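What follows is a single structure, written as structure tokens, with notes after it.
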Amino acid sequence: MCVEAVPPPSGRLTRRGVLAGAAALAGTVAAAAPAAAASDRDAAPSGGRASRGAPRGGTLVIEGGTLLDPATGEVTEDAVVVIEDGTVRAAGPRGSVAVPRGADTLDAHGRWVLPGLVDAHIHLSTAAEARDAVRQGATSARSGSTSFYQDIAVRELARHSPALAPRLTAAGVFVTPDLGETVLADPDLTPLARLADGVRSAEALRRVVEVNVARGADVIKTRVNERAGLPEQDPLTQVYSHEQLSEIVGAARRRGKGVLCHSYSERGCHDAVTAGIRSLEHGVFVGERTLGEMRRRGTYFTPTLTAIAGLADSADPVLAERGRTYLPVLERAVLAAHELGVPLAAGTDSSGGTVRPIGREVELMHAAGLSALDAIRTATTGAARLLGLDRTAGRLARGFAGDAILLDGDPLADVTLLKRPVRVVRAGLAL
């Protein structure tokens, strides 16, 4: 079959067709209104107007907490953060920040205040999952793909109702040899179902990238190895060659998009990195040669330690053994990457209706040998740079997004506190 003969995908489907269908699949139409209503009924922060569930455009002051700036490591006691129209207008010690009259106030005395966290690898397919991610502290995220463009709908939900979803970089559908039911996600993908060898030819690979971009994807997700989470698959089996990966990367670059790549074997990791991917996902058996190449190219490493650790708890003996075997190998790879200067980003790889706290990934980064501050940076400044949000997320400084988490103690002394934020602020809305 000649895929090139198929007319290019129509961009008109992006908003009206794909977003409507994806929104229905994600449950956003049914879930948004009850969530907003419930938010309005909740108790408000102390002082000023009731701000929980209030529309964007108000002012929120977080006052009295200990503020941590992950970029510098600076700790400010009795700090004040002023958020107006969803953006930080001022942050610093009390006395140096002017507090607007009549502003809502969130009392943070006795608590630590950090910027909202970033989950750089998560699969959000429903409105409920999106809300869970925010409430566990992930106020920004990057999708690891969805089956029917649900992540694009979640991204749009976040733009008009930020309390309901994290700021999301959407990946659309997976560029993988076997699209499975995903061929039904888009009329322009259905011709690929007739390919006897699956999505492997240069034309077919370019086609999936083109359709993704036409439908509004921000990044492209592909794989080089089979999955670790399926007992019948061998994660060391390579499914795309260096040439095929280069075709995907080239098609994405021509449209201004980066590529994240699911990987496990050293050969697969090396092929993906040298093909020009933006970030290596999982990468359990990545070797020193490839890590050196990643440092040279500025390729990010998103190890998803949470997902690998979770395999050890599986009822399936094959998966449990993989988890027990892979986790220490991956921990050593993470520490080696950090020591070499490879940029790291935290990602949980949450999927299937269960959203794991991004704080768990920070905890595992620390357990792998990173200092507490460096581990926190993987879910703040580091992940923000990967997503192109380095002037938006990862800090509570003037001009950055008004996203914050409040903790019951010092995360530099106990990173596990990040798994249990006591309050979350999203775009100036206290949840």
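By order of appearance in the structure tokens: chains A, B, ..., then residues from 1 within every chain, and ligands from 1 in the order shown.
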Picked from range 176-236 of chain A by DSSP as helix (DSSP H, G or I), as a list in words: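 Taking range 176-236 of chain A and keeping helix (DSSP H, G or I) gives Gly180, Glu181, Thr182, Val183, Leu184, Ala185, Thr190, Pro191, Leu192, Ala193, Arg194, Ala202, Glu203, Ala204, Leu205, Arg206, Arg207, Val208, Val209, Glu210, Val211, Asn212, Val213 and Ala214 of chain A.
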Skip Arg155 in chain A itself and residues of its chain fewer than 3 positions away, then list as JSON, numbers by chain all residues within 12 Å of it, counting only C-alpha atoms. {"A": [19, 22, 23, 26, 28, 124, 125, 126, 127, 130, 139, 140, 141, 142, 143, 149, 150, 151, 152, 158, 159, 160, 161, 162, 164, 165, 166, 167, 168, 169, 170, 171, 172, 216, 217, 218]}
Could you tell me which of A:Leu319, A:Ala337, A:Ile122, A:Leu387 comes closest to Thr306 in chain A if we count only C-alpha atoms? A:Ile122
Closest of A:His270, A:His121, A:Arg297, A:Arg194 to Val219 in chain A - atom-to-atom distances counting only C-alpha atoms: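 Ranking A:His270, A:His121, A:Arg297, A:Arg194 by distance to Val219 in chain A, first place goes to A:His121.
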Env of Met294 in chain A: 8 Å cut, atoms = only C-alpha atoms, seq-sep filter 4 positions within chain, self excluded. Answer as a list in words. Val273, Thr290, Gly298, Thr299, Tyr300 and Val342 of chain A
Could you save those same residues with N, CA, C and O atoms as an mmCIF file, in the first residue's frame?
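The new file selection-v9.cif reads:
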data_model
loop_
_atom_site.group_PDB
_atom_site.id
_atom_site.type_symbol
_atom_site.label_atom_id
_atom_site.label_comp_id
_atom_site.auth_asym_id
_atom_site.auth_seq_id
_atom_site.Cartn_x
_atom_site.Cartn_y
_atom_site.Cartn_z
ATOM 1 N N VAL A 273 18.900 7.664 20.817
ATOM 2 C CA VAL A 273 19.620 8.908 21.123
ATOM 3 C C VAL A 273 20.330 9.438 19.889
ATOM 4 O O VAL A 273 20.258 10.631 19.569
ATOM 5 N N THR A 290 26.109 5.473 25.733
ATOM 6 C CA THR A 290 24.915 6.230 25.369
ATOM 7 C C THR A 290 24.725 7.424 26.289
ATOM 8 O O THR A 290 24.315 8.505 25.841
ATOM 9 N N GLY A 298 22.556 16.867 24.919
ATOM 10 C CA GLY A 298 21.545 17.479 25.767
ATOM 11 C C GLY A 298 20.250 16.680 25.815
ATOM 12 O O GLY A 298 19.185 17.227 26.117
ATOM 13 N N THR A 299 20.340 15.386 25.529
ATOM 14 C CA THR A 299 19.164 14.510 25.568
ATOM 15 C C THR A 299 18.754 14.260 27.013
ATOM 16 O O THR A 299 19.592 13.930 27.852
ATOM 17 N N TYR A 300 17.475 14.387 27.301
ATOM 18 C CA TYR A 300 16.970 14.178 28.653
ATOM 19 C C TYR A 300 16.741 12.694 28.938
ATOM 20 O O TYR A 300 16.490 11.905 28.028
ATOM 21 N N VAL A 342 23.937 14.395 32.617
ATOM 22 C CA VAL A 342 22.782 14.183 31.746
ATOM 23 C C VAL A 342 21.556 14.776 32.435
ATOM 24 O O VAL A 342 21.292 14.477 33.602
#
Near Ser314 in chain A, counting only C-alpha atoms, which residues have an atom at most 12 Å away, once you skip same-chain residues fewer than 5 positions from it, shown as a PyMOL selection string? chain A and resi 228-231+307-309+319-324
How far is it from CA of Asn212 in chain A to CA of Pro177 in chain A, in Å with one decimal?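 About the pair CA of Asn212 in chain A and CA of Pro177 in chain A: they are 15.4 Å apart.
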